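**Q** Please read through the structure below; I'll follow up with questions.
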Amino acid sequence: MGDVAIAPPGAFDAFAAERLAGLLDQLAGEKPGPISLVLSGGRTPRGVYRMLARHGGLPWSRMEVFFGDERAVPPSHVHSNYRMARESLLDRVPVPPDRIHRMRAEEADLDEAARAYALLLPGAPDLVLLGIGMDGHTASLFPGAPTLDETERRVVPARSPRPPRARLTVTPRVLREARHLVVLASGAVKSEPVARALEGPWEPAACPAQLALRGSWILDPAAASGLPGPASFGLAAREEEST
Ligand code: 6PG
């Protein structure tokens, strides 16, 4: 069921890492075997990942790490989500290298790369991390994009309105089938899209982050500043709207 947690001022990274660690611990206790973690890209997660890497006692050797989207750049590129995740998290925790599954978005044939990646991605990932853009996008699912109408495929090529334009992204189906969704948002620039997603009318074609309404939203006070108040976090009611 969707919930919203607001970090204390100046403590977003530690607060979000703490909550993610708690969820990963819970997942590890619920079942044996691998825990599939789909990482988000962009700038917001960097500090959270760094704090998560310092969190002791997490079952990193059981994690299977995937990505929710990737830019069509080499893995060493400054805009690579993989590079960001490696530098802030994956090079700092003992996830077995063969359990880190990079999206090969630098391939010339993005459609083939998408199809290959979909074969790796578990049917119902245990935890999908997401962000929200100023336009309300999440992963690389942008407002009005044809990718929002994809019902069968789980990974597809995408076009971003801002560079790097060519991308790979998971589709709404993956967000629907994921066992847990967590949305991370910080900064005053996210107050409007967060308020639109959480409090606005149900229109995921215009605000794709609404596809994660059932998830846990972890915000800093600035990103939450557009919300009228705890009483209105009627995410349960809103979920009925979305079914
Ligand atoms: C990406 C992300 C994207 C991101 C939002 C927010 O590849 O950029 O997957 O969905 O989460 O754009 O980005 P920031 O955290 O940089 O604001």
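Residue numbering restarts at 1 for every chain of the structure tokens, chains are lettered A, B, ... in their displayed order, and ligands are numbered from 1 as they appear.
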Neighbours of ligand 1 at 7 Å or closer, counting only C-alpha atoms and all ligand atoms: which residues, as a tab-separated table (two decimals) with C-alpha atoms, in the first residue's frame?

**A**
chain	number	residue	atom	x	y	z
A	40	SER	CA	17.18	3.93	-10.27
A	41	GLY	CA	19.46	6.37	-12.02
A	42	GLY	CA	19.83	10.12	-12.08
A	43	ARG	CA	21.35	12.27	-9.35
A	44	THR	CA	19.03	11.73	-6.39
A	45	PRO	CA	20.08	8.17	-5.52
A	68	GLY	CA	15.29	0.47	-14.31
A	69	ASP	CA	16.68	2.48	-17.18
A	70	GLU	CA	19.91	3.49	-18.84
A	71	ARG	CA	21.12	6.16	-21.17
A	81	ASN	CA	23.37	5.23	-14.51
A	130	LEU	CA	12.49	4.96	-8.97
A	131	GLY	CA	12.91	8.68	-9.17
A	132	ILE	CA	10.63	11.37	-10.54
A	133	GLY	CA	11.58	13.99	-13.07
A	137	HIS	CA	8.53	10.95	-15.66
A	138	THR	CA	9.90	7.91	-13.89
A	139	ALA	CA	12.57	5.52	-15.10
A	140	SER	CA	12.65	6.62	-18.74
A	185	ALA	CA	12.64	12.52	-4.46

**Q** Please build the interface table for stretch 111-143 of chain A against stretch 17-37 of chain A with a cut-off of 12 Å, listing for each qualifying residue the nearest atom pair and the distance in Å to one decimal; count only C-alpha atoms, order rows by chain and increasing number, and write it as CSV.

**A**
residue,atom,partner,partner_atom,distance
A:Leu120,CA,A:Ser36,CA,10.8
A:Leu121,CA,A:Ser36,CA,8.6
A:Pro122,CA,A:Ser36,CA,7.3
A:Gly123,CA,A:Ser36,CA,10.0
A:Ala124,CA,A:Ser36,CA,8.6
A:Pro125,CA,A:Ser36,CA,5.3
A:Asp126,CA,A:Ser36,CA,5.1
A:Leu127,CA,A:Leu37,CA,5.0
A:Val128,CA,A:Leu37,CA,6.1
A:Leu129,CA,A:Leu37,CA,7.8
A:Leu130,CA,A:Leu37,CA,11.2

**Q** What is the distance between atom CA of A:Ala222 and atom CA of A:Ala195, in Å to one decimal?

**A**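 Interatomic distance here is 11.3 Å.
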
**Q** Could you tell me, as an MDAnalysis selection string, which residues of stretch 13-162 of chain A DSSP assigns to helix (DSSP H, G or I) when given the backbone?

**A** chainID A and resid 13:30 44:53 60:62 81:90 97:99 110:120 146:149

**Q** By how many Å are atom CA of A:Gly136 and atom CA of A:Met63 apart?

**A**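 Going from atom CA of A:Gly136 over to atom CA of A:Met63, I get 29.1 Å.
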
**Q** Identify, on the basis of only C-alpha atoms, every residue whose closest approach to A:Pro74 does not exceed 8 Å; exclude the query and any residue fewer than 5 positions from it along the same chain; express the result as JSON, numbers by chain.

**A** {"A": [80, 105, 106]}

**Q** From the DSSP assignment of the backbone, select every residue of stretch 6-238 of chain A that is strand (DSSP E or B), and format the answer as number ranges by chain.

**A** A: 6, 35-39, 63-67, 69-71, 100, 127-130, 138, 141, 155-159, 166-170, 180-185, 216-219

**Q** Which one of A:Met84, A:Ser216, A:Val38, A:Ala16 sits closest to A:His55 if you count only C-alpha atoms?

**A** A:Ala16

**Q** What gap, in Å, lies between atom CA of A:Glu64 and atom CA of A:Ala116?

**A** 16.4 Å

**Q** Tell me, as a PyMOL selection string, which residues lie within 10 Å of A:Leu211, counting only C-alpha atoms; anything in the same chain fewer than 3 positions away does not count.

**A** chain A and resi 137-138+141+148+172-173+175-176+181+197+202-205+207-208+214-215+239+242

**Q** Please produce an output containing all heavy atoms for each residue in the selection, written as a short mmCIF file (atom, residue, chain, number, x, y, z; two decimals), in the first residue's frame.

**A**
data_model
loop_
_atom_site.label_atom_id
_atom_site.label_comp_id
_atom_site.auth_asym_id
_atom_site.auth_seq_id
_atom_site.Cartn_x
_atom_site.Cartn_y
_atom_site.Cartn_z
N HIS A 137 8.11 12.27 -15.15
CA HIS A 137 8.53 10.95 -15.66
C HIS A 137 9.13 10.12 -14.53
O HIS A 137 9.54 10.63 -13.50
CB HIS A 137 9.52 11.10 -16.82
CG HIS A 137 10.93 11.39 -16.43
ND1 HIS A 137 11.48 12.66 -16.46
CD2 HIS A 137 11.91 10.58 -16.01
CE1 HIS A 137 12.74 12.60 -16.08
NE2 HIS A 137 13.03 11.35 -15.79
N THR A 138 9.18 8.82 -14.78
CA THR A 138 9.90 7.91 -13.89
C THR A 138 10.60 6.85 -14.73
O THR A 138 10.13 6.57 -15.85
CB THR A 138 8.96 7.29 -12.85
OG1 THR A 138 9.73 6.70 -11.78
CG2 THR A 138 8.04 6.25 -13.46
N LEU A 141 10.26 6.56 -18.61
CA LEU A 141 8.87 6.60 -19.09
C LEU A 141 8.44 8.06 -19.02
O LEU A 141 8.17 8.59 -17.94
CB LEU A 141 7.98 5.72 -18.22
CG LEU A 141 8.32 4.21 -18.23
CD1 LEU A 141 7.57 3.49 -17.12
CD2 LEU A 141 8.01 3.60 -19.60
N LEU A 148 4.45 4.17 -22.75
CA LEU A 148 3.43 4.04 -21.69
C LEU A 148 2.30 3.11 -22.11
O LEU A 148 1.56 2.60 -21.27
CB LEU A 148 2.87 5.43 -21.35
CG LEU A 148 3.87 6.42 -20.73
CD1 LEU A 148 3.27 7.82 -20.67
CD2 LEU A 148 4.31 5.96 -19.35
N PRO A 172 5.69 0.02 -17.99
CA PRO A 172 4.69 0.01 -16.90
C PRO A 172 4.40 -1.39 -16.37
O PRO A 172 4.11 -1.57 -15.18
CB PRO A 172 3.46 0.63 -17.57
CG PRO A 172 4.03 1.55 -18.61
CD PRO A 172 5.25 0.84 -19.14
N ARG A 173 4.55 -2.38 -17.22
CA ARG A 173 4.28 -3.76 -16.77
C ARG A 173 5.22 -4.14 -15.63
O ARG A 173 4.80 -4.77 -14.64
CB ARG A 173 4.46 -4.73 -17.95
CG ARG A 173 4.23 -6.16 -17.56
CD ARG A 173 4.36 -7.12 -18.74
NE ARG A 173 4.42 -8.50 -18.25
CZ ARG A 173 4.68 -9.54 -19.02
NH1 ARG A 173 4.87 -9.37 -20.33
NH2 ARG A 173 4.73 -10.76 -18.51
N LEU A 175 6.58 -2.11 -13.46
CA LEU A 175 6.16 -1.37 -12.25
C LEU A 175 4.92 -2.01 -11.66
O LEU A 175 4.72 -2.03 -10.45
CB LEU A 175 5.92 0.10 -12.58
CG LEU A 175 7.09 0.84 -13.24
CD1 LEU A 175 6.81 2.34 -13.25
CD2 LEU A 175 8.40 0.55 -12.58
N ARG A 176 4.08 -2.58 -12.53
CA ARG A 176 2.84 -3.24 -12.04
C ARG A 176 3.17 -4.55 -11.34
O ARG A 176 2.57 -4.91 -10.36
CB ARG A 176 1.93 -3.51 -13.24
CG ARG A 176 0.51 -3.10 -13.07
CD ARG A 176 -0.42 -3.37 -14.23
NE ARG A 176 0.08 -4.09 -15.36
CZ ARG A 176 0.50 -3.54 -16.50
NH1 ARG A 176 0.52 -2.22 -16.60
NH2 ARG A 176 0.92 -4.27 -17.52
N LEU A 181 7.77 -1.08 -4.68
CA LEU A 181 8.27 0.09 -5.41
C LEU A 181 8.66 1.14 -4.38
O LEU A 181 7.94 1.33 -3.38
CB LEU A 181 7.16 0.68 -6.29
CG LEU A 181 6.57 -0.18 -7.41
CD1 LEU A 181 5.36 0.51 -8.03
CD2 LEU A 181 7.61 -0.50 -8.48
N ALA A 197 1.76 14.08 -8.70
CA ALA A 197 1.64 12.62 -8.69
C ALA A 197 0.78 12.14 -7.54
O ALA A 197 -0.14 11.33 -7.72
CB ALA A 197 3.03 12.00 -8.62
N TRP A 202 -5.83 11.32 -11.47
CA TRP A 202 -5.18 10.11 -11.98
C TRP A 202 -5.00 10.25 -13.49
O TRP A 202 -5.95 10.07 -14.27
CB TRP A 202 -6.03 8.88 -11.63
CG TRP A 202 -5.63 7.61 -12.30
CD1 TRP A 202 -6.34 6.91 -13.23
CD2 TRP A 202 -4.41 6.87 -12.10
NE1 TRP A 202 -5.65 5.79 -13.61
CE2 TRP A 202 -4.47 5.73 -12.94
CE3 TRP A 202 -3.28 7.04 -11.30
CZ2 TRP A 202 -3.44 4.79 -13.01
CZ3 TRP A 202 -2.26 6.11 -11.35
CH2 TRP A 202 -2.34 5.00 -12.19
N GLU A 203 -3.80 10.60 -13.91
CA GLU A 203 -3.53 10.68 -15.36
C GLU A 203 -2.07 10.30 -15.61
O GLU A 203 -1.22 11.17 -15.89
CB GLU A 203 -3.85 12.06 -15.93
CG GLU A 203 -3.44 13.23 -15.08
CD GLU A 203 -3.93 14.58 -15.67
OE1 GLU A 203 -4.85 14.59 -16.50
OE2 GLU A 203 -3.34 15.59 -15.28
N PRO A 204 -1.75 9.02 -15.51
CA PRO A 204 -0.36 8.54 -15.64
C PRO A 204 0.24 8.83 -17.02
O PRO A 204 1.46 8.89 -17.14
CB PRO A 204 -0.47 7.05 -15.37
CG PRO A 204 -1.90 6.71 -15.53
CD PRO A 204 -2.69 7.93 -15.21
N ALA A 205 -0.60 9.05 -18.03
CA ALA A 205 -0.01 9.39 -19.34
C ALA A 205 0.68 10.74 -19.28
O ALA A 205 1.67 10.97 -19.97
CB ALA A 205 -1.11 9.40 -20.41
N CYS A 207 1.62 12.04 -16.19
CA CYS A 207 2.51 11.98 -15.02
C CYS A 207 2.84 10.52 -14.73
O CYS A 207 2.28 9.91 -13.82
CB CYS A 207 1.82 12.65 -13.82
SG CYS A 207 2.89 12.75 -12.36
N PRO A 208 3.76 9.95 -15.52
CA PRO A 208 4.05 8.50 -15.39
C PRO A 208 4.46 8.07 -14.01
O PRO A 208 4.27 6.90 -13.65
CB PRO A 208 5.16 8.30 -16.42
CG PRO A 208 4.94 9.37 -17.46
CD PRO A 208 4.47 10.56 -16.68
N ARG A 214 1.39 3.12 -5.68
CA ARG A 214 1.22 2.09 -4.63
C ARG A 214 2.50 1.89 -3.83
O ARG A 214 2.51 1.17 -2.84
CB ARG A 214 0.78 0.75 -5.24
CG ARG A 214 1.86 0.07 -6.07
CD ARG A 214 1.37 -1.26 -6.63
NE ARG A 214 2.32 -1.85 -7.54
CZ ARG A 214 3.26 -2.74 -7.18
NH1 ARG A 214 3.34 -3.10 -5.92
NH2 ARG A 214 4.10 -3.24 -8.06
N GLY A 215 3.55 2.53 -4.27
CA GLY A 215 4.85 2.33 -3.64
C GLY A 215 5.06 3.18 -2.40
O GLY A 215 4.17 3.88 -1.93
N GLU A 239 -5.36 4.30 -5.05
CA GLU A 239 -5.03 3.03 -5.72
C GLU A 239 -6.30 2.43 -6.32
O GLU A 239 -6.29 1.89 -7.41
CB GLU A 239 -4.42 2.06 -4.72
CG GLU A 239 -3.87 0.82 -5.42
CD GLU A 239 -3.31 -0.18 -4.42
OE1 GLU A 239 -3.57 -0.01 -3.24
OE2 GLU A 239 -2.64 -1.11 -4.86
N SER A 242 -6.86 3.59 -9.56
CA SER A 242 -5.96 3.15 -10.64
C SER A 242 -6.26 1.73 -11.09
O SER A 242 -5.65 1.23 -12.00
CB SER A 242 -4.51 3.21 -10.12
OG SER A 242 -4.34 2.25 -9.08
#

**Q** At a cut-off of 8 Å, using only C-alpha atoms, what residues contact A:Ala85? Leave out same-chain residues fewer than 6 positions from it and give the result as a VMD selection string.

**A** chain A and resid 39 41 46 49
